[in-house]
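Chemist: Below is the structure I would like to discuss, written out as structure tokens.
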Amino acid sequence: MTFVFDPPPCPSVAVAGEGVRFPVRRIFCVGRNYAKHALEMGSDPDRQPPFFFSKPADAVVDAGVGHDARIAYPPQTDNFHHEVELAVALGRGGADISTADALDHVFGYAVALDLTRRDLQKAAREKGHPWDFGKAFDRSAPIAPLHRAADMGHPAAGRIWLRVDDEVRQDADLGELIWPVPDVISILSRSMTLAPGDLILTGTPAGVGPLLPGHTVRGGIEGLEDLELQVTERGSPSA
């Protein structure tokens, strides 16, 4: 097959302790999946049906500890926020997946960030516009290496946290998810056919807040490799 120009490289995520990489097809994100975060965002924390938004696959950034990940403060925002999340990587696809079968489709798990231009998100929400410019921008999905579910099992509980410099800002437990991983996979699969390579970011706990150039961000989930990055000046090179 001949293309008019060379296709871009396939976005991918490291697999912990291995020389192989996980190819990323799509990134789905769950909105407001922790009750306290829903409250801090001004929403009803009751168990309403989950809603989803997307990021482009090439928003992923390798951000394992020691990778020296650097994220430049993004353009068009003065309110750049962190949101730490459990990422679920699918190794099998399907449609209308039952909750009982959902975990059979999971390749592995990782710590990820849903970086957000909060001012753009809020402005779009108030106008009834899509959130894309607030959520789906360049390098907005840093992620630590994936751990295979076959090795670690499926985490239903465990501490999830994020620290900016020496300040712990987010500190909760995966058991507080309003919609656990099997439910999220099942509900999403009713709307579209999922495929190997899809990533699902499952929502963030309370404590989201602003990032500034010079900040060092570290986040973790019990049983997984930590994520770490530095925020650099607006427009400076990112690695």
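Residue numbers start at 1 in each chain; chains themselves are named A, B, ... in the order of the structure tokens; ligands are numbered from 1 in the order shown.
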Can you pull out every residue within 10 Å of Ile97 (chain A), counting only C-alpha atoms, but drop anything in the same chain fewer than 6 positions away, and send it as a short mmCIF file (atom, residue, chain, number, x, y, z; two decimals) with all heavy atoms, in the first residue's frame?
Modeler:
```
data_model
loop_
_atom_site.label_atom_id
_atom_site.label_comp_id
_atom_site.auth_asym_id
_atom_site.auth_seq_id
_atom_site.Cartn_x
_atom_site.Cartn_y
_atom_site.Cartn_z
N LEU A 103 -13.40 -8.52 32.65
CA LEU A 103 -11.99 -8.56 33.03
C LEU A 103 -11.17 -9.52 32.17
O LEU A 103 -9.95 -9.40 32.10
CB LEU A 103 -11.85 -8.93 34.51
CG LEU A 103 -12.42 -7.90 35.50
CD1 LEU A 103 -12.19 -8.36 36.93
CD2 LEU A 103 -11.82 -6.52 35.28
N ASP A 104 -11.84 -10.43 31.47
CA ASP A 104 -11.13 -11.32 30.55
C ASP A 104 -10.56 -10.55 29.36
O ASP A 104 -9.70 -11.08 28.64
CB ASP A 104 -12.07 -12.40 30.02
CG ASP A 104 -12.51 -13.37 31.10
OD1 ASP A 104 -11.81 -13.49 32.12
OD2 ASP A 104 -13.58 -14.01 30.93
N HIS A 105 -11.02 -9.33 29.15
CA HIS A 105 -10.56 -8.51 28.03
C HIS A 105 -9.38 -7.61 28.39
O HIS A 105 -8.85 -6.92 27.52
CB HIS A 105 -11.72 -7.65 27.50
CG HIS A 105 -12.82 -8.45 26.87
ND1 HIS A 105 -13.67 -9.24 27.61
CD2 HIS A 105 -13.20 -8.60 25.58
CE1 HIS A 105 -14.54 -9.83 26.79
NE2 HIS A 105 -14.26 -9.46 25.56
N PRO A 182 -15.09 -3.53 35.69
CA PRO A 182 -15.97 -4.38 34.86
C PRO A 182 -17.19 -3.64 34.34
O PRO A 182 -17.61 -3.84 33.19
CB PRO A 182 -16.36 -5.53 35.80
CG PRO A 182 -15.26 -5.57 36.82
CD PRO A 182 -14.86 -4.15 37.02
N ASP A 183 -17.78 -2.78 35.17
CA ASP A 183 -18.94 -2.01 34.74
C ASP A 183 -18.57 -1.03 33.63
O ASP A 183 -19.31 -0.87 32.65
CB ASP A 183 -19.53 -1.23 35.92
CG ASP A 183 -20.10 -2.14 36.99
OD1 ASP A 183 -21.22 -2.65 36.82
OD2 ASP A 183 -19.41 -2.35 38.01
N ILE A 185 -16.10 -1.17 31.42
CA ILE A 185 -15.87 -1.88 30.15
C ILE A 185 -17.20 -2.30 29.53
O ILE A 185 -17.43 -2.11 28.33
CB ILE A 185 -14.96 -3.10 30.37
CG1 ILE A 185 -13.56 -2.65 30.78
CG2 ILE A 185 -14.91 -3.97 29.11
CD1 ILE A 185 -12.65 -3.78 31.22
N SER A 186 -18.07 -2.86 30.34
CA SER A 186 -19.36 -3.35 29.83
C SER A 186 -20.20 -2.22 29.26
O SER A 186 -20.73 -2.32 28.15
CB SER A 186 -20.12 -4.07 30.94
OG SER A 186 -21.37 -4.51 30.49
N ILE A 187 -20.32 -1.12 30.00
CA ILE A 187 -21.14 0.00 29.55
C ILE A 187 -20.58 0.62 28.27
O ILE A 187 -21.31 0.92 27.33
CB ILE A 187 -21.27 1.04 30.68
CG1 ILE A 187 -22.09 0.45 31.84
CG2 ILE A 187 -21.92 2.33 30.17
CD1 ILE A 187 -22.01 1.26 33.12
N LEU A 188 -19.26 0.80 28.22
CA LEU A 188 -18.63 1.38 27.03
C LEU A 188 -18.84 0.49 25.81
O LEU A 188 -19.09 0.96 24.70
CB LEU A 188 -17.15 1.61 27.30
CG LEU A 188 -16.32 2.32 26.24
CD1 LEU A 188 -16.92 3.67 25.86
CD2 LEU A 188 -14.88 2.49 26.72
N SER A 189 -18.79 -0.83 26.03
CA SER A 189 -18.92 -1.76 24.91
C SER A 189 -20.33 -1.83 24.33
O SER A 189 -20.53 -2.40 23.26
CB SER A 189 -18.49 -3.16 25.34
OG SER A 189 -19.46 -3.79 26.14
N ARG A 190 -21.29 -1.25 25.02
CA ARG A 190 -22.65 -1.21 24.49
C ARG A 190 -22.81 -0.09 23.45
O ARG A 190 -23.74 -0.12 22.65
CB ARG A 190 -23.66 -0.97 25.62
CG ARG A 190 -23.70 -2.08 26.66
CD ARG A 190 -24.59 -1.69 27.83
NE ARG A 190 -24.27 -2.47 29.02
CZ ARG A 190 -24.69 -2.15 30.24
NH1 ARG A 190 -25.46 -1.07 30.42
NH2 ARG A 190 -24.36 -2.90 31.28
N THR A 193 -17.83 -0.97 19.49
CA THR A 193 -17.03 -2.18 19.59
C THR A 193 -15.63 -1.83 20.07
O THR A 193 -14.92 -1.06 19.43
CB THR A 193 -16.96 -2.90 18.23
OG1 THR A 193 -18.29 -3.23 17.81
CG2 THR A 193 -16.13 -4.16 18.33
N LEU A 194 -15.26 -2.39 21.21
CA LEU A 194 -13.92 -2.16 21.73
C LEU A 194 -12.92 -3.06 21.01
O LEU A 194 -13.30 -4.07 20.40
CB LEU A 194 -13.90 -2.43 23.24
CG LEU A 194 -14.84 -1.54 24.06
CD1 LEU A 194 -14.80 -1.93 25.53
CD2 LEU A 194 -14.49 -0.07 23.89
#
```
Chemist: Applying 7 Å and only C-alpha atoms, which residues near region 197-213 of chain A remain after dropping the ones on its own chain fewer than 4 positions away? List them as a VMD selection string.
Modeler: chain A and resid 22 to 34 36 to 37 40 73 79 to 91 169 to 170 172 231 to 233
Chemist: Measuring atom to atom with only C-alpha atoms, identify which of A:Thr2, A:Gln230, A:Gln121, A:Ser140 is nearest to Thr77 (chain A).
Modeler: A:Gln121
Chemist: Out of region 128-193 of chain A, which residues get alpha helix (DSSP H) from DSSP, as a list in words?
Modeler: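 Taking region 128-193 of chain A and keeping alpha helix (DSSP H) only, one gets Asp132, Phe133, Gly134, Lys135, Ala149, Ala150, Asp151, Met152, Val181, Pro182, Asp183, Val184, Ile185, Ser186, Ile187, Leu188 and Ser189 of chain A.
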Chemist: Do a neighbour search on Ala123 (chain A) at 12 Å with only C-alpha atoms, toss out local chain neighbours closer than 5 positions, and write the hits as a PyMOL selection string.
Modeler: chain A and resi 77+79+117-118+128-134
Chemist: Take the residues just selected and output them with all heavy atoms as an mmCIF file, in the first residue's frame.
Modeler:
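What follows is the written file result.cif:
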```cif
data_model
loop_
_atom_site.group_PDB
_atom_site.id
_atom_site.type_symbol
_atom_site.label_atom_id
_atom_site.label_comp_id
_atom_site.auth_asym_id
_atom_site.auth_seq_id
_atom_site.Cartn_x
_atom_site.Cartn_y
_atom_site.Cartn_z
ATOM 1 N N THR A 77 -4.064 28.231 28.014
ATOM 2 C CA THR A 77 -4.636 27.982 29.335
ATOM 3 C C THR A 77 -3.848 28.714 30.403
ATOM 4 O O THR A 77 -2.643 28.928 30.266
ATOM 5 C CB THR A 77 -4.659 26.477 29.668
ATOM 6 O OG1 THR A 77 -5.331 26.280 30.914
ATOM 7 C CG2 THR A 77 -3.256 25.906 29.796
ATOM 8 N N ASN A 79 -4.943 27.612 33.631
ATOM 9 C CA ASN A 79 -5.437 26.776 34.725
ATOM 10 C C ASN A 79 -5.264 25.308 34.327
ATOM 11 O O ASN A 79 -6.206 24.628 33.949
ATOM 12 C CB ASN A 79 -6.910 27.091 35.019
ATOM 13 C CG ASN A 79 -7.351 26.589 36.376
ATOM 14 O OD1 ASN A 79 -6.528 26.213 37.213
ATOM 15 N ND2 ASN A 79 -8.652 26.563 36.603
ATOM 16 N N ARG A 117 -6.847 21.246 30.633
ATOM 17 C CA ARG A 117 -6.884 22.716 30.603
ATOM 18 C C ARG A 117 -8.246 23.107 31.166
ATOM 19 O O ARG A 117 -9.227 23.239 30.451
ATOM 20 C CB ARG A 117 -6.680 23.204 29.166
ATOM 21 C CG ARG A 117 -5.319 22.823 28.614
ATOM 22 C CD ARG A 117 -4.964 23.503 27.305
ATOM 23 N NE ARG A 117 -5.699 22.982 26.165
ATOM 24 C CZ ARG A 117 -5.361 23.199 24.889
ATOM 25 N NH1 ARG A 117 -4.296 23.933 24.602
ATOM 26 N NH2 ARG A 117 -6.073 22.700 23.906
ATOM 27 N N ARG A 118 -8.276 23.289 32.502
ATOM 28 C CA ARG A 118 -9.552 23.412 33.215
ATOM 29 C C ARG A 118 -10.362 24.616 32.769
ATOM 30 O O ARG A 118 -11.588 24.555 32.676
ATOM 31 C CB ARG A 118 -9.308 23.494 34.726
ATOM 32 C CG ARG A 118 -10.589 23.424 35.565
ATOM 33 C CD ARG A 118 -11.179 22.018 35.557
ATOM 34 N NE ARG A 118 -10.336 21.110 36.308
ATOM 35 C CZ ARG A 118 -10.368 19.787 36.171
ATOM 36 N NH1 ARG A 118 -11.176 19.223 35.284
ATOM 37 N NH2 ARG A 118 -9.578 19.023 36.901
ATOM 38 N N GLY A 128 -22.249 24.517 26.538
ATOM 39 C CA GLY A 128 -22.784 23.296 25.973
ATOM 40 C C GLY A 128 -21.964 22.764 24.817
ATOM 41 O O GLY A 128 -22.465 21.997 23.995
ATOM 42 N N HIS A 129 -20.680 23.166 24.750
ATOM 43 C CA HIS A 129 -19.797 22.728 23.674
ATOM 44 C C HIS A 129 -19.012 21.488 24.097
ATOM 45 O O HIS A 129 -18.892 21.201 25.278
ATOM 46 C CB HIS A 129 -18.811 23.843 23.322
ATOM 47 C CG HIS A 129 -19.457 25.029 22.691
ATOM 48 N ND1 HIS A 129 -18.767 26.201 22.428
ATOM 49 C CD2 HIS A 129 -20.723 25.251 22.256
ATOM 50 C CE1 HIS A 129 -19.578 27.082 21.869
ATOM 51 N NE2 HIS A 129 -20.775 26.531 21.766
ATOM 52 N N PRO A 130 -18.433 20.753 23.140
ATOM 53 C CA PRO A 130 -17.584 19.620 23.490
ATOM 54 C C PRO A 130 -16.366 20.060 24.301
ATOM 55 O O PRO A 130 -15.919 21.204 24.200
ATOM 56 C CB PRO A 130 -17.159 19.050 22.135
ATOM 57 C CG PRO A 130 -18.189 19.543 21.171
ATOM 58 C CD PRO A 130 -18.615 20.880 21.676
ATOM 59 N N TRP A 131 -15.802 19.118 25.066
ATOM 60 C CA TRP A 131 -14.666 19.401 25.933
ATOM 61 C C TRP A 131 -13.320 19.208 25.246
ATOM 62 O O TRP A 131 -12.276 19.306 25.898
ATOM 63 C CB TRP A 131 -14.668 18.433 27.120
ATOM 64 C CG TRP A 131 -15.756 18.611 28.108
ATOM 65 C CD1 TRP A 131 -16.796 19.484 28.061
ATOM 66 C CD2 TRP A 131 -15.905 17.858 29.314
ATOM 67 N NE1 TRP A 131 -17.582 19.329 29.157
ATOM 68 C CE2 TRP A 131 -17.062 18.339 29.948
ATOM 69 C CE3 TRP A 131 -15.176 16.842 29.907
ATOM 70 C CZ2 TRP A 131 -17.511 17.814 31.161
ATOM 71 C CZ3 TRP A 131 -15.613 16.327 31.103
ATOM 72 C CH2 TRP A 131 -16.765 16.814 31.729
ATOM 73 N N ASP A 132 -13.281 18.914 23.970
ATOM 74 C CA ASP A 132 -12.053 18.443 23.337
ATOM 75 C C ASP A 132 -10.837 19.324 23.630
ATOM 76 O O ASP A 132 -9.760 18.814 23.955
ATOM 77 C CB ASP A 132 -12.247 18.352 21.818
ATOM 78 C CG ASP A 132 -13.281 17.319 21.427
ATOM 79 O OD1 ASP A 132 -14.415 17.406 21.934
ATOM 80 O OD2 ASP A 132 -12.969 16.442 20.615
ATOM 81 N N PHE A 133 -10.980 20.637 23.508
ATOM 82 C CA PHE A 133 -9.825 21.505 23.684
ATOM 83 C C PHE A 133 -9.348 21.532 25.137
ATOM 84 O O PHE A 133 -8.196 21.882 25.399
ATOM 85 C CB PHE A 133 -10.132 22.919 23.189
ATOM 86 C CG PHE A 133 -9.930 23.093 21.708
ATOM 87 C CD1 PHE A 133 -10.030 22.016 20.842
ATOM 88 C CD2 PHE A 133 -9.635 24.336 21.179
ATOM 89 C CE1 PHE A 133 -9.848 22.166 19.473
ATOM 90 C CE2 PHE A 133 -9.441 24.500 19.807
ATOM 91 C CZ PHE A 133 -9.552 23.405 18.959
ATOM 92 N N GLY A 134 -10.214 21.187 26.069
ATOM 93 C CA GLY A 134 -9.811 21.138 27.471
ATOM 94 C C GLY A 134 -9.147 19.836 27.862
ATOM 95 O O GLY A 134 -8.403 19.780 28.847
#
```
Chemist: Among region 17-153 of chain A, which ones does DSSP place in strand (DSSP E or B), written as a PyMOL selection string?
Modeler: chain A and resi 21-23+27-31+34+51-55+60-62+64+70-72+80-82+84-90+94+106-113+116-117+141-143+146-148
Chemist: Would you put the residues from that selection into a file with C-alpha atoms, as a PDB file, in the first residue's frame?
Modeler:
```pdb
ATOM      1  CA  ARG A  21       5.371  -2.203  23.934  1.00  0.00           C
ATOM      2  CA  PHE A  22       1.580  -1.992  23.976  1.00  0.00           C
ATOM      3  CA  PRO A  23       0.194  -0.295  20.818  1.00  0.00           C
ATOM      4  CA  ILE A  27      -8.092   6.474  24.727  1.00  0.00           C
ATOM      5  CA  PHE A  28     -11.442   6.611  26.506  1.00  0.00           C
ATOM      6  CA  CYS A  29     -11.869   8.529  29.779  1.00  0.00           C
ATOM      7  CA  VAL A  30     -14.611   8.209  32.395  1.00  0.00           C
ATOM      8  CA  GLY A  31     -15.892  11.474  33.825  1.00  0.00           C
ATOM      9  CA  TYR A  34     -15.408   9.235  42.370  1.00  0.00           C
ATOM     10  CA  PHE A  51     -20.194   9.410  30.727  1.00  0.00           C
ATOM     11  CA  PHE A  52     -17.132   9.235  28.512  1.00  0.00           C
ATOM     12  CA  PHE A  53     -14.828  11.507  26.544  1.00  0.00           C
ATOM     13  CA  SER A  54     -11.757  10.751  24.446  1.00  0.00           C
ATOM     14  CA  LYS A  55      -8.140  11.727  23.964  1.00  0.00           C
ATOM     15  CA  VAL A  60       0.347   9.305  25.502  1.00  0.00           C
ATOM     16  CA  VAL A  61       3.722  10.134  27.048  1.00  0.00           C
ATOM     17  CA  ASP A  62       6.073   7.618  28.697  1.00  0.00           C
ATOM     18  CA  GLY A  64       7.652   5.985  34.360  1.00  0.00           C
ATOM     19  CA  ARG A  70       8.839  16.638  30.766  1.00  0.00           C
ATOM     20  CA  ILE A  71       5.545  18.288  29.885  1.00  0.00           C
ATOM     21  CA  ALA A  72       5.608  21.893  28.713  1.00  0.00           C
ATOM     22  CA  PHE A  80      -3.599  23.525  33.968  1.00  0.00           C
ATOM     23  CA  HIS A  81      -4.744  20.639  36.217  1.00  0.00           C
ATOM     24  CA  HIS A  82      -3.588  17.162  37.230  1.00  0.00           C
ATOM     25  CA  VAL A  84      -4.388  10.818  38.561  1.00  0.00           C
ATOM     26  CA  GLU A  85      -6.194   7.710  37.279  1.00  0.00           C
ATOM     27  CA  LEU A  86      -6.067   3.952  36.902  1.00  0.00           C
ATOM     28  CA  ALA A  87      -5.506   3.104  33.226  1.00  0.00           C
ATOM     29  CA  VAL A  88      -6.959  -0.148  31.878  1.00  0.00           C
ATOM     30  CA  ALA A  89      -5.381  -1.575  28.712  1.00  0.00           C
ATOM     31  CA  LEU A  90      -7.517  -3.935  26.640  1.00  0.00           C
ATOM     32  CA  GLY A  94     -15.771  -6.980  21.687  1.00  0.00           C
ATOM     33  CA  VAL A 106      -7.944  -6.684  30.130  1.00  0.00           C
ATOM     34  CA  PHE A 107      -4.265  -6.908  29.188  1.00  0.00           C
ATOM     35  CA  GLY A 108      -2.999  -4.818  32.076  1.00  0.00           C
ATOM     36  CA  TYR A 109      -3.051  -1.736  34.267  1.00  0.00           C
ATOM     37  CA  ALA A 110      -0.983   1.410  34.785  1.00  0.00           C
ATOM     38  CA  VAL A 111      -0.947   4.760  36.538  1.00  0.00           C
ATOM     39  CA  ALA A 112      -1.930   7.610  34.214  1.00  0.00           C
ATOM     40  CA  LEU A 113      -2.730  11.316  34.283  1.00  0.00           C
ATOM     41  CA  THR A 116      -6.691  19.107  31.761  1.00  0.00           C
ATOM     42  CA  ARG A 117      -6.884  22.716  30.603  1.00  0.00           C
ATOM     43  CA  ALA A 141      -2.037  11.494  28.787  1.00  0.00           C
ATOM     44  CA  PRO A 142       1.224  10.670  30.592  1.00  0.00           C
ATOM     45  CA  ILE A 143       1.331   7.015  31.604  1.00  0.00           C
ATOM     46  CA  LEU A 146       1.731  -1.291  32.098  1.00  0.00           C
ATOM     47  CA  HIS A 147       1.659  -4.315  34.369  1.00  0.00           C
ATOM     48  CA  ARG A 148       0.107  -7.467  32.937  1.00  0.00           C
TER      49      ARG A 148
END
```
Chemist: Between CA of Arg159 (chain A) and CA of Asp226 (chain A), what is the distance, to one decimal in Å?
Modeler: 11.9 Å
Chemist: Could you work out how far CA of Pro196 (chain A) lies from CA of Ala14 (chain A), giving the answer in Å with one decimal?
Modeler: 15.4 Å
Chemist: Using only C-alpha atoms, which residue out of A:Met1, A:Ala102, A:Val13, A:Ile160 lies closest to Leu224 (chain A)?
Modeler: A:Ile160
Chemist: Residues at most 10 Å from Arg163 (chain A), counting only C-alpha atoms, excluding those fewer than 3 positions away in the same chain, as a PyMOL selection string?
Modeler: chain A and resi 82+84+166-171+215-220+228
Chemist: Since we have the selection now, will you write its residues out, keeping N, CA and C atoms, as an mmCIF file, in the first residue's frame?
Modeler:
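Saved result, part-v2.cif, follows:
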```cif
data_model
loop_
_atom_site.group_PDB
_atom_site.id
_atom_site.type_symbol
_atom_site.label_atom_id
_atom_site.label_comp_id
_atom_site.auth_asym_id
_atom_site.auth_seq_id
_atom_site.Cartn_x
_atom_site.Cartn_y
_atom_site.Cartn_z
ATOM 1 N N HIS A 82 -3.919 18.579 37.160
ATOM 2 C CA HIS A 82 -3.588 17.162 37.230
ATOM 3 C C HIS A 82 -4.822 16.352 37.645
ATOM 4 N N VAL A 84 -4.999 12.135 38.568
ATOM 5 C CA VAL A 84 -4.388 10.818 38.561
ATOM 6 C C VAL A 84 -5.473 9.751 38.385
ATOM 7 N N ASP A 166 6.284 18.427 47.347
ATOM 8 C CA ASP A 166 6.159 17.699 48.616
ATOM 9 C C ASP A 166 4.725 17.668 49.146
ATOM 10 N N GLU A 167 3.770 18.131 48.359
ATOM 11 C CA GLU A 167 2.382 18.230 48.818
ATOM 12 C C GLU A 167 1.530 17.104 48.230
ATOM 13 N N VAL A 168 0.947 16.271 49.097
ATOM 14 C CA VAL A 168 0.006 15.252 48.641
ATOM 15 C C VAL A 168 -1.329 15.934 48.368
ATOM 16 N N ARG A 169 -1.793 15.836 47.144
ATOM 17 C CA ARG A 169 -3.032 16.515 46.753
ATOM 18 C C ARG A 169 -4.202 15.546 46.564
ATOM 19 N N GLN A 170 -3.921 14.381 46.026
ATOM 20 C CA GLN A 170 -4.978 13.388 45.809
ATOM 21 C C GLN A 170 -4.600 12.132 46.580
ATOM 22 N N ASP A 171 -5.569 11.598 47.335
ATOM 23 C CA ASP A 171 -5.289 10.434 48.177
ATOM 24 C C ASP A 171 -6.612 9.718 48.431
ATOM 25 N N HIS A 215 7.009 22.513 38.695
ATOM 26 C CA HIS A 215 6.448 21.473 39.542
ATOM 27 C C HIS A 215 6.945 20.093 39.129
ATOM 28 N N THR A 216 7.218 19.252 40.122
ATOM 29 C CA THR A 216 7.453 17.826 39.913
ATOM 30 C C THR A 216 6.227 17.074 40.400
ATOM 31 N N VAL A 217 5.698 16.226 39.539
ATOM 32 C CA VAL A 217 4.465 15.485 39.833
ATOM 33 C C VAL A 217 4.815 14.010 39.963
ATOM 34 N N ARG A 218 4.319 13.385 41.019
ATOM 35 C CA ARG A 218 4.491 11.931 41.179
ATOM 36 C C ARG A 218 3.155 11.346 41.602
ATOM 37 N N GLY A 219 2.759 10.268 40.947
ATOM 38 C CA GLY A 219 1.489 9.623 41.277
ATOM 39 C C GLY A 219 1.664 8.132 41.346
ATOM 40 N N GLY A 220 0.801 7.483 42.118
ATOM 41 C CA GLY A 220 0.935 6.042 42.275
ATOM 42 C C GLY A 220 -0.382 5.361 42.585
ATOM 43 N N GLU A 228 5.949 9.721 37.101
ATOM 44 C CA GLU A 228 6.641 10.943 37.507
ATOM 45 C C GLU A 228 6.918 11.817 36.290
#
```
Chemist: What is the distance, in Å and to one decimal place, between CA of Ala195 (chain A) and CA of Ala16 (chain A)?
Modeler: 21.6 Å
